[in-house]
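The next block holds one structure in the form of structure tokens; read it before the comments.
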Amino acid sequence: MNLLELTRLEVAYGGIRAVKGIDLHVRKGELVCLIGTNGAGKTTTLKAIAGLLPVAADAIRYDGAPIGGRRAFELVRRGLAMVPEGRGVFGQLTAEENLAMGAYVRSDAAAVRLDLERVFNLFPRLAERRGQSAGTLSGGEQQMLAIGRALMSRPKLLLLDEPSMGLAPLMVQKIFETILEVAKEGVTILLVEQNARLALEVSGRGYVMETGLITLSGPARELLADPKVRAAYLGEDD
Amino acid sequence: MRGVNMFAKPQAKWVGVALIAIALIALPFALAAAGTAWVRIANLAILFVFLSLGLNIVVGFAGLLDLGYIAFYAVGAYAYALLASPHFDLHFPFWVILPIGGLVACLFGVLLGAPTLKLRGDYLAIVTLGFGEIVRIFLNNLSQPVNITNGPQGISRIDPFSFGSFSFSDNENFFGLAFSGPIKYYYILLALLLLAIVVNLRLQHSRIGRAWEAIREDEVAARAMGIDTTRIKLLAFAMGASFGGIAGGMFAAIQGFISPESFVLVESIMVLSMVVLGGMGNVWGVVLGAVLLSFVPELLRYTVEPLQKSLFGRSIIEPEVIRMLLFGLALVLMMLYRPAGLLPSAVRKRELAKPDADNA
């Protein structure tokens with residue numbers, strides 16, 4: 001069953017059509033990636049899904065209902081959480097306060113406490129720094145915090161925007177390991193990445209986006225072997 | 001989480017609270033010994049604490065810079081004056097119109113909040129500043145063609161607080177103690193203030209308080225947490241405004257006379273200074289800031305002139321000028337040495353602290 005379904009999604013950004021009619025779907029339990037170069041429209045697509053940009057209602061269906069144009073805060077309540085590009089942690093609040101903020105929409109305090117421990121187990125580094133303000137954490141720790149915070153809302157669908165951005169290779173490795181772990185726990189994930197190789201290695205399926213259109217899609221393993229993808233996105237990594 | 005932990009042991013805490021309570025109860029009699037004027041000053045100080053607590057919701061909790069806050073004070077004061085004075089010959093009891101003043105101000109808060117939802121920082125400050133001026137100018141000019149506000153002459157002979165024949169403005173004797181009007185007002189103001197402080201503290205640690213905190217930090221991220229930022233921001237404006245409105249009603253009753261002159265821009269800035277000086281976002285800091293900025297200038301008013309006379313034999317600089325000079329100096333020193341306020345909130349302290357060196 002499709003948890004998320006985009007049908008001819010178009011998004012205009014101040015007169016410029018950044019996304020020119022794309023079809024995409026994510027089934028329950030899947031980890032799907034959307035790769036492409038800078039400016040291809042990946043982040044715009046993600047923002048539209050999360051309710052941060054206005055789009056036609058029918059273009060996005062989530063959990064069986066059209067959600068295009070719904071506002072972000074409503075979608076969080078329906079289990080759609082996003083980790084924004086550049087992380088967007090609350091810099092002056094402590095790591096723990098950030099995580100608590102992630103559970104804002106929930107009222108089951110006891111379960112929230114359990115989830116807090118779960119996130120600390122997933123990211124032992126955050127447990128060590130629970131009392132430290134988020135702005136003083138390293139980039140990788142902030143990314144962990146942003147993912148942990150999104151998990152605190154118990155999402156059905158997690159949207160990740162460039163989790164590897166600006167991080168040291170070792171940290172990127174660590175972040176992707178955790179993404180896999182989160183996926184194993186049953187959270188459906190749509191991952192937007194410029195690091196195509198890593199994204200395709202962890203994902204089941206992938207989409208390739210170029211200048212607002214999906215140009216290729218299929219099982220991640222096939223995309224990794226595709227000569228066009230190898231030349232355009234994996235070239236120097238070989 | 002973020003309260004001021006003044007007393008380590010619980011018993012010590014209760015002793016401390018009891019001492020403060022006794023001091024607050026005895027205060028007006030001590031002040032009355034120095035002159036009834038001082039009791040009036042204390043009453044105005046309480047009103048300013050009330051105002052600062054209201055502005056603290058908007059500026060301290062939600063991080064929305066409001067430079068026209070005094071407009072809500074004005075709205076509350078006029079709502080009270082129009083409903084309890086010979087002007088329209090209406091004389092409703094105070095416990096009815098005080099909440100009405102709060103509600104009307106709340107409405108004005110939403111009126112200001114709704115069109116400014118997308119503005120932040122400097123832009124919001126300018127719009128709110130304009131709003132404050134618009135309200136004042138309206139009050140000044142709504143005397144024609146229908147006389148609503150009586151223009152610059154203001155409204156006089158406003159009803160004092162009263163229960164039946166018990167009026168808060170009369171002098172009376174209870175238990176052998178002389179209760180002047182201002183002393184009686186002092187107690188009712190103090191009671192309302194305590195209520196306001198409790199409301200503020202509860203708000204800060206509530207879900208709404210956390211939502212305000214998130215919005216102040218990062219609005220987009222707040223939305224991604226599932227916070228309805230539109231509603232929560234309007235709520236901050238509305239709640240802050242109702243505090244202002246209720247304070248305005250009390251002001252009208254105590255003074256018995258109001259005019260647009262009491263609600264000028266400088267007053268907005270004064271209230272904002274109290275919030276900033278005390279420590280934005282920290283309820284106890286704001287209380288301290290408001291008390292200091294209400295009392296210290298008055299103290300100077302009474303000490304500067306005699307001091308000059310004894311030193312130079314005559315008054316060289318007018319007390320009013322020196323007062324503002326020292327006031328300015330105090331603020332500059334504050335910004336240099338305690339930029340987060342006298343009692344900063346935990347979050348602001350972190351905000352203004354030097355960035356950590358171990359940022360790996």
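A note on labels: chains of the structure tokens are A, B, ... as shown, every chain counts residues from 1, and ligands are counted from 1 in their shown order.
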
Discussion item. Applying 12 Å and only C-alpha atoms, which residues near Ala72 (chain A) remain after dropping the ones on its own chain fewer than 3 positions away? List them as a ChimeraX atom specification.
Written reply: /A:46-54,67-69,75-82 /B:219-230

Output as JSON lines one row per residue of chain A within 7 Å of chain B: the closest atom pair and its distance in Å to one decimal place, counting only C-alpha atoms, sorted by chain and residue number ascending.
{"residue": "A:Ala72", "atom": "CA", "partner": "B:Arg223", "partner_atom": "CA", "distance": 6.0}
{"residue": "A:Phe73", "atom": "CA", "partner": "B:Gly226", "partner_atom": "CA", "distance": 3.7}
{"residue": "A:Glu74", "atom": "CA", "partner": "B:Gly226", "partner_atom": "CA", "distance": 6.4}
{"residue": "A:Val76", "atom": "CA", "partner": "B:Gly226", "partner_atom": "CA", "distance": 5.0}
{"residue": "A:Arg77", "atom": "CA", "partner": "B:Gly226", "partner_atom": "CA", "distance": 6.3}
{"residue": "A:Ala81", "atom": "CA", "partner": "B:Ala224", "partner_atom": "CA", "distance": 6.9}
{"residue": "A:Met82", "atom": "CA", "partner": "B:Ala224", "partner_atom": "CA", "distance": 6.6}
{"residue": "A:Gly88", "atom": "CA", "partner": "B:Ala221", "partner_atom": "CA", "distance": 5.8}
{"residue": "A:Phe90", "atom": "CA", "partner": "B:Glu217", "partner_atom": "CA", "distance": 5.7}
{"residue": "A:Gln92", "atom": "CA", "partner": "B:Glu351", "partner_atom": "CA", "distance": 5.8}
{"residue": "A:Leu93", "atom": "CA", "partner": "B:Val347", "partner_atom": "CA", "distance": 6.6}
{"residue": "A:Met101", "atom": "CA", "partner": "B:Met225", "partner_atom": "CA", "distance": 6.8}
{"residue": "A:Gly102", "atom": "CA", "partner": "B:Met225", "partner_atom": "CA", "distance": 5.5}
{"residue": "A:Tyr104", "atom": "CA", "partner": "B:Met225", "partner_atom": "CA", "distance": 6.4}
{"residue": "A:Val105", "atom": "CA", "partner": "B:Gly226", "partner_atom": "CA", "distance": 6.0}
{"residue": "A:Thr136", "atom": "CA", "partner": "B:Asn359", "partner_atom": "CA", "distance": 5.7}
{"residue": "A:Leu137", "atom": "CA", "partner": "B:Asn359", "partner_atom": "CA", "distance": 6.2}
{"residue": "A:Ser138", "atom": "CA", "partner": "B:Ala360", "partner_atom": "CA", "distance": 5.2}

Fill in: Neighbour list for region 36-40 of chain B as a PyMOL selection string, cut-off 10 Å, only C-alpha atoms, skip fewer than 6 positions in-chain
chain B and resi 27-30+46+180-186+254-255+295+298-299

Dump as a PDB file, in the first residue's frame, selection limited to C-alpha atoms:
ATOM      1  CA  LEU B  27       5.041  47.952  53.330  1.00  0.00           C
ATOM      2  CA  PRO B  28       2.207  50.461  52.741  1.00  0.00           C
ATOM      3  CA  PHE B  29       2.199  51.540  56.418  1.00  0.00           C
ATOM      4  CA  ALA B  30       5.939  52.061  56.347  1.00  0.00           C
ATOM      5  CA  ILE B  46       2.538  47.438  40.987  1.00  0.00           C
ATOM      6  CA  SER B 180      -6.078  55.640  53.466  1.00  0.00           C
ATOM      7  CA  GLY B 181      -7.507  55.137  49.975  1.00  0.00           C
ATOM      8  CA  PRO B 182      -4.138  54.342  48.397  1.00  0.00           C
ATOM      9  CA  ILE B 183      -3.413  51.751  51.091  1.00  0.00           C
ATOM     10  CA  LYS B 184      -6.638  49.936  50.360  1.00  0.00           C
ATOM     11  CA  TYR B 185      -5.857  49.990  46.658  1.00  0.00           C
ATOM     12  CA  TYR B 186      -2.414  48.655  47.439  1.00  0.00           C
ATOM     13  CA  ILE B 254      -6.908  54.752  40.978  1.00  0.00           C
ATOM     14  CA  GLN B 255      -6.209  58.033  39.209  1.00  0.00           C
ATOM     15  CA  PHE B 295      11.055  53.310  42.403  1.00  0.00           C
ATOM     16  CA  GLU B 298      11.093  58.542  42.162  1.00  0.00           C
ATOM     17  CA  LEU B 299      13.821  58.218  44.776  1.00  0.00           C
TER      18      LEU B 299
END

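Excluding Gly328 (chain B) and any residue on its chain fewer than 6 positions from it, the residues at most 12 Å away by only C-alpha atoms are Met270, Ser273, Leu277, Leu293, Pro297, Val321, Ile322, Met334 and Met335 of chain B.
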
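Listed by chain and then by rising number, the residues of region 152-229 of chain A that DSSP assigns to strand (DSSP E or B) from the backbone are Leu157, Leu158, Leu159, Leu160, Asp161, Thr188, Ile189, Leu190, Leu191, Val192, Glu193, Arg205, Gly206, Tyr207, Val208, Met209, Glu210, Leu213, Ile214, Thr215, Leu216, Ser217, Gly218 and Pro219 of chain A.
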
Taking N, CA and C atoms for each residue, export the selection above as a PDB file, in the first residue's frame.
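The resulting file, part.pdb, is reproduced below:
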ATOM      1  N   LEU A 157       5.804   8.542   8.444  1.00  0.00           N
ATOM      2  CA  LEU A 157       6.664   8.849   7.302  1.00  0.00           C
ATOM      3  C   LEU A 157       7.665   9.921   7.725  1.00  0.00           C
ATOM      4  N   LEU A 158       8.940   9.615   7.514  1.00  0.00           N
ATOM      5  CA  LEU A 158       9.993  10.557   7.883  1.00  0.00           C
ATOM      6  C   LEU A 158      10.634  11.096   6.612  1.00  0.00           C
ATOM      7  N   LEU A 159      10.652  12.419   6.476  1.00  0.00           N
ATOM      8  CA  LEU A 159      11.285  13.043   5.321  1.00  0.00           C
ATOM      9  C   LEU A 159      12.644  13.568   5.761  1.00  0.00           C
ATOM     10  N   LEU A 160      13.699  13.113   5.109  1.00  0.00           N
ATOM     11  CA  LEU A 160      15.047  13.553   5.485  1.00  0.00           C
ATOM     12  C   LEU A 160      15.629  14.380   4.349  1.00  0.00           C
ATOM     13  N   ASP A 161      16.024  15.611   4.657  1.00  0.00           N
ATOM     14  CA  ASP A 161      16.580  16.473   3.621  1.00  0.00           C
ATOM     15  C   ASP A 161      18.082  16.621   3.816  1.00  0.00           C
ATOM     16  N   THR A 188       8.735   4.498   7.696  1.00  0.00           N
ATOM     17  CA  THR A 188       8.896   4.700   6.260  1.00  0.00           C
ATOM     18  C   THR A 188       9.694   5.978   6.039  1.00  0.00           C
ATOM     19  N   ILE A 189      10.658   5.920   5.121  1.00  0.00           N
ATOM     20  CA  ILE A 189      11.547   7.081   4.961  1.00  0.00           C
ATOM     21  C   ILE A 189      11.658   7.492   3.498  1.00  0.00           C
ATOM     22  N   LEU A 190      11.546   8.796   3.267  1.00  0.00           N
ATOM     23  CA  LEU A 190      11.887   9.356   1.963  1.00  0.00           C
ATOM     24  C   LEU A 190      13.110  10.238   2.185  1.00  0.00           C
ATOM     25  N   LEU A 191      14.202   9.853   1.521  1.00  0.00           N
ATOM     26  CA  LEU A 191      15.486  10.488   1.769  1.00  0.00           C
ATOM     27  C   LEU A 191      15.917  11.280   0.541  1.00  0.00           C
ATOM     28  N   VAL A 192      16.221  12.550   0.752  1.00  0.00           N
ATOM     29  CA  VAL A 192      16.735  13.383  -0.326  1.00  0.00           C
ATOM     30  C   VAL A 192      18.233  13.543  -0.098  1.00  0.00           C
ATOM     31  N   GLU A 193      19.050  13.233  -1.106  1.00  0.00           N
ATOM     32  CA  GLU A 193      20.496  13.288  -0.910  1.00  0.00           C
ATOM     33  C   GLU A 193      21.230  13.707  -2.176  1.00  0.00           C
ATOM     34  N   ARG A 205      14.588   1.571  -3.110  1.00  0.00           N
ATOM     35  CA  ARG A 205      14.338   2.112  -4.440  1.00  0.00           C
ATOM     36  C   ARG A 205      14.861   3.537  -4.496  1.00  0.00           C
ATOM     37  N   GLY A 206      15.013   4.043  -5.719  1.00  0.00           N
ATOM     38  CA  GLY A 206      15.490   5.410  -5.855  1.00  0.00           C
ATOM     39  C   GLY A 206      14.870   6.114  -7.033  1.00  0.00           C
ATOM     40  N   TYR A 207      14.858   7.437  -6.947  1.00  0.00           N
ATOM     41  CA  TYR A 207      14.425   8.278  -8.054  1.00  0.00           C
ATOM     42  C   TYR A 207      15.556   9.247  -8.356  1.00  0.00           C
ATOM     43  N   VAL A 208      15.759   9.518  -9.656  1.00  0.00           N
ATOM     44  CA  VAL A 208      16.757  10.508 -10.040  1.00  0.00           C
ATOM     45  C   VAL A 208      16.029  11.726 -10.585  1.00  0.00           C
ATOM     46  N   MET A 209      16.357  12.891 -10.049  1.00  0.00           N
ATOM     47  CA  MET A 209      15.657  14.103 -10.449  1.00  0.00           C
ATOM     48  C   MET A 209      16.632  15.046 -11.146  1.00  0.00           C
ATOM     49  N   GLU A 210      16.159  15.625 -12.280  1.00  0.00           N
ATOM     50  CA  GLU A 210      16.971  16.605 -13.009  1.00  0.00           C
ATOM     51  C   GLU A 210      16.089  17.751 -13.431  1.00  0.00           C
ATOM     52  N   LEU A 213      12.293  17.406 -13.075  1.00  0.00           N
ATOM     53  CA  LEU A 213      11.618  16.207 -13.591  1.00  0.00           C
ATOM     54  C   LEU A 213      12.324  14.943 -13.099  1.00  0.00           C
ATOM     55  N   ILE A 214      11.555  13.872 -12.951  1.00  0.00           N
ATOM     56  CA  ILE A 214      12.149  12.581 -12.624  1.00  0.00           C
ATOM     57  C   ILE A 214      12.633  11.970 -13.934  1.00  0.00           C
ATOM     58  N   THR A 215      13.917  11.660 -14.027  1.00  0.00           N
ATOM     59  CA  THR A 215      14.432  11.122 -15.278  1.00  0.00           C
ATOM     60  C   THR A 215      14.671   9.620 -15.208  1.00  0.00           C
ATOM     61  N   LEU A 216      14.834   9.093 -14.037  1.00  0.00           N
ATOM     62  CA  LEU A 216      15.091   7.659 -13.881  1.00  0.00           C
ATOM     63  C   LEU A 216      14.493   7.212 -12.559  1.00  0.00           C
ATOM     64  N   SER A 217      14.047   5.956 -12.508  1.00  0.00           N
ATOM     65  CA  SER A 217      13.623   5.420 -11.217  1.00  0.00           C
ATOM     66  C   SER A 217      13.711   3.916 -11.263  1.00  0.00           C
ATOM     67  N   GLY A 218      13.769   3.301 -10.102  1.00  0.00           N
ATOM     68  CA  GLY A 218      13.842   1.848 -10.059  1.00  0.00           C
ATOM     69  C   GLY A 218      14.494   1.376  -8.792  1.00  0.00           C
ATOM     70  N   PRO A 219      14.700   0.057  -8.674  1.00  0.00           N
ATOM     71  CA  PRO A 219      15.375  -0.482  -7.493  1.00  0.00           C
ATOM     72  C   PRO A 219      16.761   0.129  -7.366  1.00  0.00           C
TER      73      PRO A 219
END
